[in-house]
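Asker: Input: one structure, supplied below.
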Amino acid sequence: MKKTGLYIHFPFCRRACFYCHFFKKKFQAEKAHSWLRLVRREIGLRSDAGVLVDTVYLGGGSPSLLDPGQIAALLEAAAKHFRLSDRAEVTLEANPEDLSIPWLEELRSVGINRLSIGVQSFQEKDLRCLKRNHSAAQAARAVEMALRAGFANISLDLIIGLESQTSQSMKSNFRTIAEFKPAHVSVYILEGVPSKRPSLGEVKRQAADERDARLYFLARRCLCDLGYEHYEVSNYCLPGNASRHNLKYWRNQPYIGLGAAAAGYLDGRDYRNYPDLGKYRASLEKGALPEQKIPPLQPARRRVATGLRLLDGISAAALAPFSAPRDFLLAEGFLVRRGARIAVAADKILLLNEILGYLI
């Protein structure tokens, strides 16, 4: 029986964050209800009793705008049309301002066992820069409530790349992380954050990149000192708590994507649903899968592009078709051998895109 992940994209937010590039629309309860009906129809069209779903990830968007009853309906539909493992990792992304103890307790009762909270920072200046809907106090309170509600598997998102950030404010963030000791932490360098100063061209961009790199490696050092394992470019976990769902992406394993703009990878084929609610609805109402045509990705290139995001890299055999650039990158120290595997050197990880561009 095939083990497969299930990603469900909820495309609604109260307010669109300017730095977020995911498909999203302004939240309206009526539209969310209609979306729920359509996704359940798509689940029916993709029904496969031969699939064992062992990870579910409800992302967005802001799926914490759903009530637990709506989330339960999605999980019930998944269990009806696939074989849902009783040991599945079931994750929901949540905004701090949406959380309450009763909501969290009910969320656990319907089957969510992993919570990914978009705190982004525990510093007020950072949150103002990001125009987030929550305060630093709300960010901390959200984590406290999740722990009180019984969530043992909590992931926190943090952002690097803000003018308000300094080494000291970053260290303060990690002192807060040390107090809560969540199972998992994601640290993202985001582009598209507006500057208060006029652009000075490439010189300024280079200085910003260097500052972001310093903060990135400071974050890495802080988290490793706290006992976290750096296992993927942006992701850290306490031992044994890597995101099982996201590992499917990086290990080139199958997953089903549901919802407008959701991507999937099944039977060696990538697909993407229409990033348009109208086209998504029209296809489903005709009884057709709402997939748009996308160019196929060569399997050998796909394995390398996804696998080198992991700090333990990929099998040396996967790089055999790219022997000339591989050998150059090994000789120059951009890639390193680790037994039968090859990985990007930890101090070169921020050059991953350039390394991949040269390699494949």
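FYI, nothing fancy with the structure tokens labels: chains A, B, ... in order, residues from 1 per chain, ligands from 1 as they appear.
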Can you tell me, as a VMD selection string, what residues are no more than 10 Å from Asn113 of chain A when counting only C-alpha atoms, ignoring any on the same chain fewer than 5 positions away?
Answerer: chain A and resid 87 to 92 107 to 108 150 to 154
Asker: For the residues selected in the previous step, produce a file with N, CA and C atoms as a CSV table (one decimal), in the first residue's frame.
Answerer:
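Full text of selection.csv as output:
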```
chain,number,residue,atom,x,y,z
A,87,ARG,N,-2.0,6.6,13.0
A,87,ARG,CA,-0.8,7.2,13.5
A,87,ARG,C,-0.4,8.4,12.6
A,88,ALA,N,-1.3,8.9,11.8
A,88,ALA,CA,-0.9,10.0,10.9
A,88,ALA,C,-0.5,11.3,11.7
A,89,GLU,N,0.5,12.0,11.1
A,89,GLU,CA,0.8,13.3,11.6
A,89,GLU,C,-0.2,14.3,10.9
A,90,VAL,N,-1.0,15.0,11.7
A,90,VAL,CA,-2.0,15.9,11.2
A,90,VAL,C,-1.7,17.3,11.6
A,91,THR,N,-1.3,18.2,10.7
A,91,THR,CA,-0.8,19.5,11.0
A,91,THR,C,-1.8,20.6,10.6
A,92,LEU,N,-2.0,21.6,11.4
A,92,LEU,CA,-2.7,22.8,11.0
A,92,LEU,C,-1.9,24.0,11.2
A,107,LEU,N,-9.9,21.4,18.7
A,107,LEU,CA,-9.1,21.0,17.6
A,107,LEU,C,-8.4,19.7,17.8
A,108,ARG,N,-7.9,19.5,19.0
A,108,ARG,CA,-7.2,18.2,19.3
A,108,ARG,C,-8.2,17.1,19.3
A,150,GLY,N,-2.7,21.0,25.5
A,150,GLY,CA,-2.2,19.6,25.3
A,150,GLY,C,-1.4,19.3,24.1
A,151,PHE,N,-1.1,20.3,23.3
A,151,PHE,CA,-0.3,20.1,22.0
A,151,PHE,C,1.2,19.9,22.4
A,152,ALA,N,1.7,18.7,22.2
A,152,ALA,CA,3.1,18.4,22.4
A,152,ALA,C,3.9,18.7,21.2
A,153,ASN,N,3.3,18.6,20.0
A,153,ASN,CA,4.1,18.8,18.8
A,153,ASN,C,3.7,20.1,18.2
A,154,ILE,N,4.5,21.1,18.6
A,154,ILE,CA,4.3,22.5,18.1
A,154,ILE,C,5.5,23.0,17.3
```
Asker: From a DSSP calculation on the backbone, collect every residue of segment 51-217 of chain A in strand (DSSP E or B) and output the set as a PyMOL selection string.
Answerer: chain A and resi 51-60+83-94+114-120+154-160+184-189
Asker: Considering only C-alpha atoms, return as a VMD selection string whatever protein or nucleic-acid residues lie within 12 Å of Ser85 of chain A, sequence-local ones (same chain, fewer than 5 positions apart) excluded.
Answerer: chain A and resid 1 to 6 51 to 56 75 78 to 80 90 111
Asker: For the structure I just gave you, how does DSSP split segment 305-357 of chain A - specifically, which residues are helix (DSSP H, G or I)? Reply as a PyMOL selection string.
Answerer: chain A and resi 305-307+316-331+346-357
Asker: Output N, CA and C atoms of each residue in that selection to a file, as a compact mmCIF listing (two decimals), in the first residue's frame.
Answerer:
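Final output, saved to out-v3.txt:
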```txt
# COMPACT_ATOMS: atom_id res chain seq x y z
N ALA A 305 17.00 18.71 -6.93
CA ALA A 305 16.48 20.01 -6.51
C ALA A 305 15.80 19.95 -5.15
N THR A 306 15.10 18.84 -4.88
CA THR A 306 14.43 18.71 -3.58
C THR A 306 15.37 18.18 -2.51
N GLY A 307 16.16 17.16 -2.87
CA GLY A 307 16.97 16.47 -1.87
C GLY A 307 18.11 17.30 -1.30
N ALA A 316 24.74 9.60 -3.28
CA ALA A 316 25.72 9.96 -4.31
C ALA A 316 25.24 9.50 -5.68
N ALA A 317 24.50 8.40 -5.72
CA ALA A 317 24.01 7.87 -7.00
C ALA A 317 23.08 8.86 -7.70
N ALA A 318 22.32 9.65 -6.92
CA ALA A 318 21.40 10.61 -7.52
C ALA A 318 22.13 11.71 -8.28
N LEU A 319 23.40 11.93 -7.93
CA LEU A 319 24.18 12.97 -8.60
C LEU A 319 25.05 12.42 -9.73
N ALA A 320 25.00 11.11 -9.93
CA ALA A 320 25.82 10.50 -10.98
C ALA A 320 25.58 11.11 -12.36
N PRO A 321 24.31 11.45 -12.73
CA PRO A 321 24.10 12.05 -14.07
C PRO A 321 24.70 13.44 -14.22
N PHE A 322 25.15 14.03 -13.13
CA PHE A 322 25.68 15.40 -13.17
C PHE A 322 27.13 15.41 -12.69
N SER A 323 27.90 14.44 -13.18
CA SER A 323 29.23 14.18 -12.61
C SER A 323 30.20 15.36 -12.76
N ALA A 324 30.21 16.04 -13.91
CA ALA A 324 31.18 17.13 -14.11
C ALA A 324 30.93 18.30 -13.16
N PRO A 325 29.71 18.88 -13.12
CA PRO A 325 29.48 19.96 -12.16
C PRO A 325 29.57 19.48 -10.71
N ARG A 326 29.14 18.22 -10.45
CA ARG A 326 29.26 17.68 -9.09
C ARG A 326 30.71 17.68 -8.63
N ASP A 327 31.62 17.20 -9.47
CA ASP A 327 33.03 17.11 -9.08
C ASP A 327 33.64 18.49 -8.86
N PHE A 328 33.24 19.46 -9.69
CA PHE A 328 33.74 20.82 -9.49
C PHE A 328 33.27 21.38 -8.15
N LEU A 329 31.97 21.20 -7.85
CA LEU A 329 31.41 21.73 -6.60
C LEU A 329 32.00 21.03 -5.38
N LEU A 330 32.32 19.74 -5.51
CA LEU A 330 33.00 19.04 -4.42
C LEU A 330 34.41 19.58 -4.22
N ALA A 331 35.14 19.79 -5.30
CA ALA A 331 36.51 20.28 -5.21
C ALA A 331 36.58 21.68 -4.62
N ALA A 346 27.38 23.06 5.07
CA ALA A 346 26.51 23.85 5.95
C ALA A 346 26.77 25.35 5.82
N ASP A 347 28.03 25.76 5.65
CA ASP A 347 28.32 27.19 5.56
C ASP A 347 28.02 27.76 4.18
N LYS A 348 27.60 26.89 3.24
CA LYS A 348 27.25 27.35 1.89
C LYS A 348 25.76 27.18 1.61
N ILE A 349 24.99 26.86 2.62
CA ILE A 349 23.59 26.50 2.40
C ILE A 349 22.77 27.64 1.81
N LEU A 350 23.15 28.89 2.10
CA LEU A 350 22.40 30.02 1.54
C LEU A 350 22.71 30.24 0.06
N LEU A 351 23.68 29.51 -0.45
CA LEU A 351 23.99 29.56 -1.89
C LEU A 351 23.32 28.42 -2.64
N LEU A 352 22.34 27.77 -2.00
CA LEU A 352 21.71 26.59 -2.60
C LEU A 352 21.18 26.87 -4.01
N ASN A 353 20.48 27.97 -4.22
CA ASN A 353 19.92 28.24 -5.55
C ASN A 353 21.01 28.35 -6.61
N GLU A 354 22.11 29.01 -6.24
CA GLU A 354 23.22 29.14 -7.19
C GLU A 354 23.86 27.78 -7.45
N ILE A 355 23.98 26.96 -6.40
CA ILE A 355 24.57 25.62 -6.54
C ILE A 355 23.70 24.77 -7.47
N LEU A 356 22.38 24.82 -7.25
CA LEU A 356 21.47 24.04 -8.10
C LEU A 356 21.51 24.54 -9.54
N GLY A 357 21.58 25.86 -9.71
CA GLY A 357 21.65 26.41 -11.06
C GLY A 357 22.88 25.93 -11.81
```
Asker: From the options A:Ile256, A:Leu156, A:Lys181, A:Ala261, which residue's atoms come nearest to Gly61 of chain A, counting only C-alpha atoms?
Answerer: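 Nearest candidate to Gly61 of chain A out of A:Ile256, A:Leu156, A:Lys181, A:Ala261: A:Ala261.
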Asker: For Ile314 of chain A, please output as a list of chain:residue names all residues within 10 Å (counting only C-alpha atoms; exclusion window: fewer than 5 positions along the same chain).
Answerer: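 So the residues in contact are A:Trp250, A:Arg251, A:Arg303, A:Val304, A:Thr306, A:Gly307, A:Leu308, A:Arg309, A:Leu319, A:Arg337, A:Arg338, A:Ala340, A:Arg341, A:Ile342, A:Ala343, A:Val344.
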Asker: With N, CA and C atoms retained, could you export that selection as a JSON list (two decimals), in the first residue's frame?
Answerer:
```json
[["chain", "number", "residue", "atom", "x", "y", "z"],
["A", 250, "TRP", "N", 10.85, 16.87, 0.31],
["A", 250, "TRP", "CA", 12.30, 16.90, 0.13],
["A", 250, "TRP", "C", 12.88, 15.53, -0.18],
["A", 251, "ARG", "N", 12.15, 14.47, 0.16],
["A", 251, "ARG", "CA", 12.61, 13.11, -0.15],
["A", 251, "ARG", "C", 11.96, 12.55, -1.41],
["A", 303, "ARG", "N", 14.87, 15.03, -8.13],
["A", 303, "ARG", "CA", 15.48, 14.43, -6.95],
["A", 303, "ARG", "C", 16.57, 15.31, -6.38],
["A", 304, "VAL", "N", 17.37, 15.92, -7.25],
["A", 304, "VAL", "CA", 18.47, 16.76, -6.80],
["A", 304, "VAL", "C", 17.94, 18.07, -6.22],
["A", 306, "THR", "N", 15.10, 18.84, -4.88],
["A", 306, "THR", "CA", 14.43, 18.71, -3.58],
["A", 306, "THR", "C", 15.37, 18.18, -2.51],
["A", 307, "GLY", "N", 16.16, 17.16, -2.87],
["A", 307, "GLY", "CA", 16.97, 16.47, -1.87],
["A", 307, "GLY", "C", 18.11, 17.30, -1.30],
["A", 308, "LEU", "N", 18.69, 18.20, -2.09],
["A", 308, "LEU", "CA", 19.80, 18.99, -1.58],
["A", 308, "LEU", "C", 19.36, 20.07, -0.60],
["A", 309, "ARG", "N", 18.06, 20.23, -0.42],
["A", 309, "ARG", "CA", 17.59, 21.14, 0.64],
["A", 309, "ARG", "C", 17.84, 20.54, 2.02],
["A", 319, "LEU", "N", 23.40, 11.93, -7.93],
["A", 319, "LEU", "CA", 24.18, 12.97, -8.60],
["A", 319, "LEU", "C", 25.05, 12.42, -9.73],
["A", 337, "ARG", "N", 31.04, 15.22, 0.81],
["A", 337, "ARG", "CA", 30.64, 13.82, 0.91],
["A", 337, "ARG", "C", 30.44, 13.44, 2.36],
["A", 338, "ARG", "N", 29.37, 12.71, 2.61],
["A", 338, "ARG", "CA", 29.10, 12.17, 3.94],
["A", 338, "ARG", "C", 28.76, 10.70, 3.78],
["A", 340, "ALA", "N", 27.92, 7.62, 1.95],
["A", 340, "ALA", "CA", 27.36, 7.36, 0.63],
["A", 340, "ALA", "C", 26.45, 8.50, 0.16],
["A", 341, "ARG", "N", 26.51, 9.63, 0.84],
["A", 341, "ARG", "CA", 25.64, 10.75, 0.51],
["A", 341, "ARG", "C", 26.49, 11.98, 0.18],
["A", 342, "ILE", "N", 25.86, 12.90, -0.52],
["A", 342, "ILE", "CA", 26.49, 14.19, -0.84],
["A", 342, "ILE", "C", 25.53, 15.29, -0.43],
["A", 343, "ALA", "N", 26.08, 16.31, 0.23],
["A", 343, "ALA", "CA", 25.25, 17.40, 0.75],
["A", 343, "ALA", "C", 25.89, 18.74, 0.44],
["A", 344, "VAL", "N", 25.08, 19.79, 0.51],
["A", 344, "VAL", "CA", 25.61, 21.15, 0.45],
["A", 344, "VAL", "C", 26.33, 21.42, 1.77]]
```
Asker: Find the residues near Leu297 of chain A: any atom within 12 Å, counting only C-alpha atoms, skip ones fewer than 2 places away on the same chain, and give them as a VMD selection string.
Answerer: chain A and resid 265 268 to 271 294 to 295 299 to 306 360
Asker: So how far away is atom CA of Val110 of chain A from atom CA of Ser155 of chain A, in Å?
Answerer: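 For atom CA of Ser155 of chain A relative to atom CA of Val110 of chain A, the distance reads 19.1 Å.
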Asker: Taking 4 positions as the minimum chain separation for residues in the same chain, which residues sit within 7 Å of segment 125-130 of chain A when counting only C-alpha atoms? Answer as a list in words.
Answerer: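 Using only C-alpha atoms, the neighbours found are Ser121, Ser135, Leu162, Ser164 and Gln165 of chain A.
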Asker: Residues within 9 Å of Ser167 of chain A, please, as a ChimeraX atom specification. Count only C-alpha atoms; anything in the same chain fewer than 6 positions from it doesn't count.
Answerer: /A:214-215,218
Asker: Using only C-alpha atoms, which residues of segment 92-154 of chain A come within 12 Å of segment 170-175 of chain A, and what is the closest atom pair for each, with the distance in Å to one decimal? Give it as JSON lines, sorted by chain and residue number.
Answerer:
```
{"residue": "A:Val119", "atom": "CA", "partner": "A:Asn173", "partner_atom": "CA", "distance": 10.5}
{"residue": "A:Gln120", "atom": "CA", "partner": "A:Asn173", "partner_atom": "CA", "distance": 9.7}
{"residue": "A:Ser121", "atom": "CA", "partner": "A:Asn173", "partner_atom": "CA", "distance": 6.7}
{"residue": "A:Phe122", "atom": "CA", "partner": "A:Asn173", "partner_atom": "CA", "distance": 5.7}
{"residue": "A:Gln123", "atom": "CA", "partner": "A:Asn173", "partner_atom": "CA", "distance": 7.2}
{"residue": "A:Glu124", "atom": "CA", "partner": "A:Asn173", "partner_atom": "CA", "distance": 11.0}
{"residue": "A:Lys125", "atom": "CA", "partner": "A:Met170", "partner_atom": "CA", "distance": 11.8}
{"residue": "A:Asp126", "atom": "CA", "partner": "A:Met170", "partner_atom": "CA", "distance": 10.2}
{"residue": "A:Ala136", "atom": "CA", "partner": "A:Asn173", "partner_atom": "CA", "distance": 10.3}
{"residue": "A:Ala139", "atom": "CA", "partner": "A:Asn173", "partner_atom": "CA", "distance": 11.2}
{"residue": "A:Ala140", "atom": "CA", "partner": "A:Asn173", "partner_atom": "CA", "distance": 10.5}
```
Asker: Could you check how far atom CA of Glu232 of chain A sits from atom CA of Ala183 of chain A, in Å to one decimal?
Answerer: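 Computed distance, atom CA of Glu232 of chain A to atom CA of Ala183 of chain A, equals 14.8 Å.
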Asker: Would you work out the distance separating atom CA of Ser64 of chain A from atom CA of Arg141 of chain A, expressed in Å to one decimal?
Answerer: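 Going from atom CA of Ser64 of chain A over to atom CA of Arg141 of chain A covers 15.8 Å.
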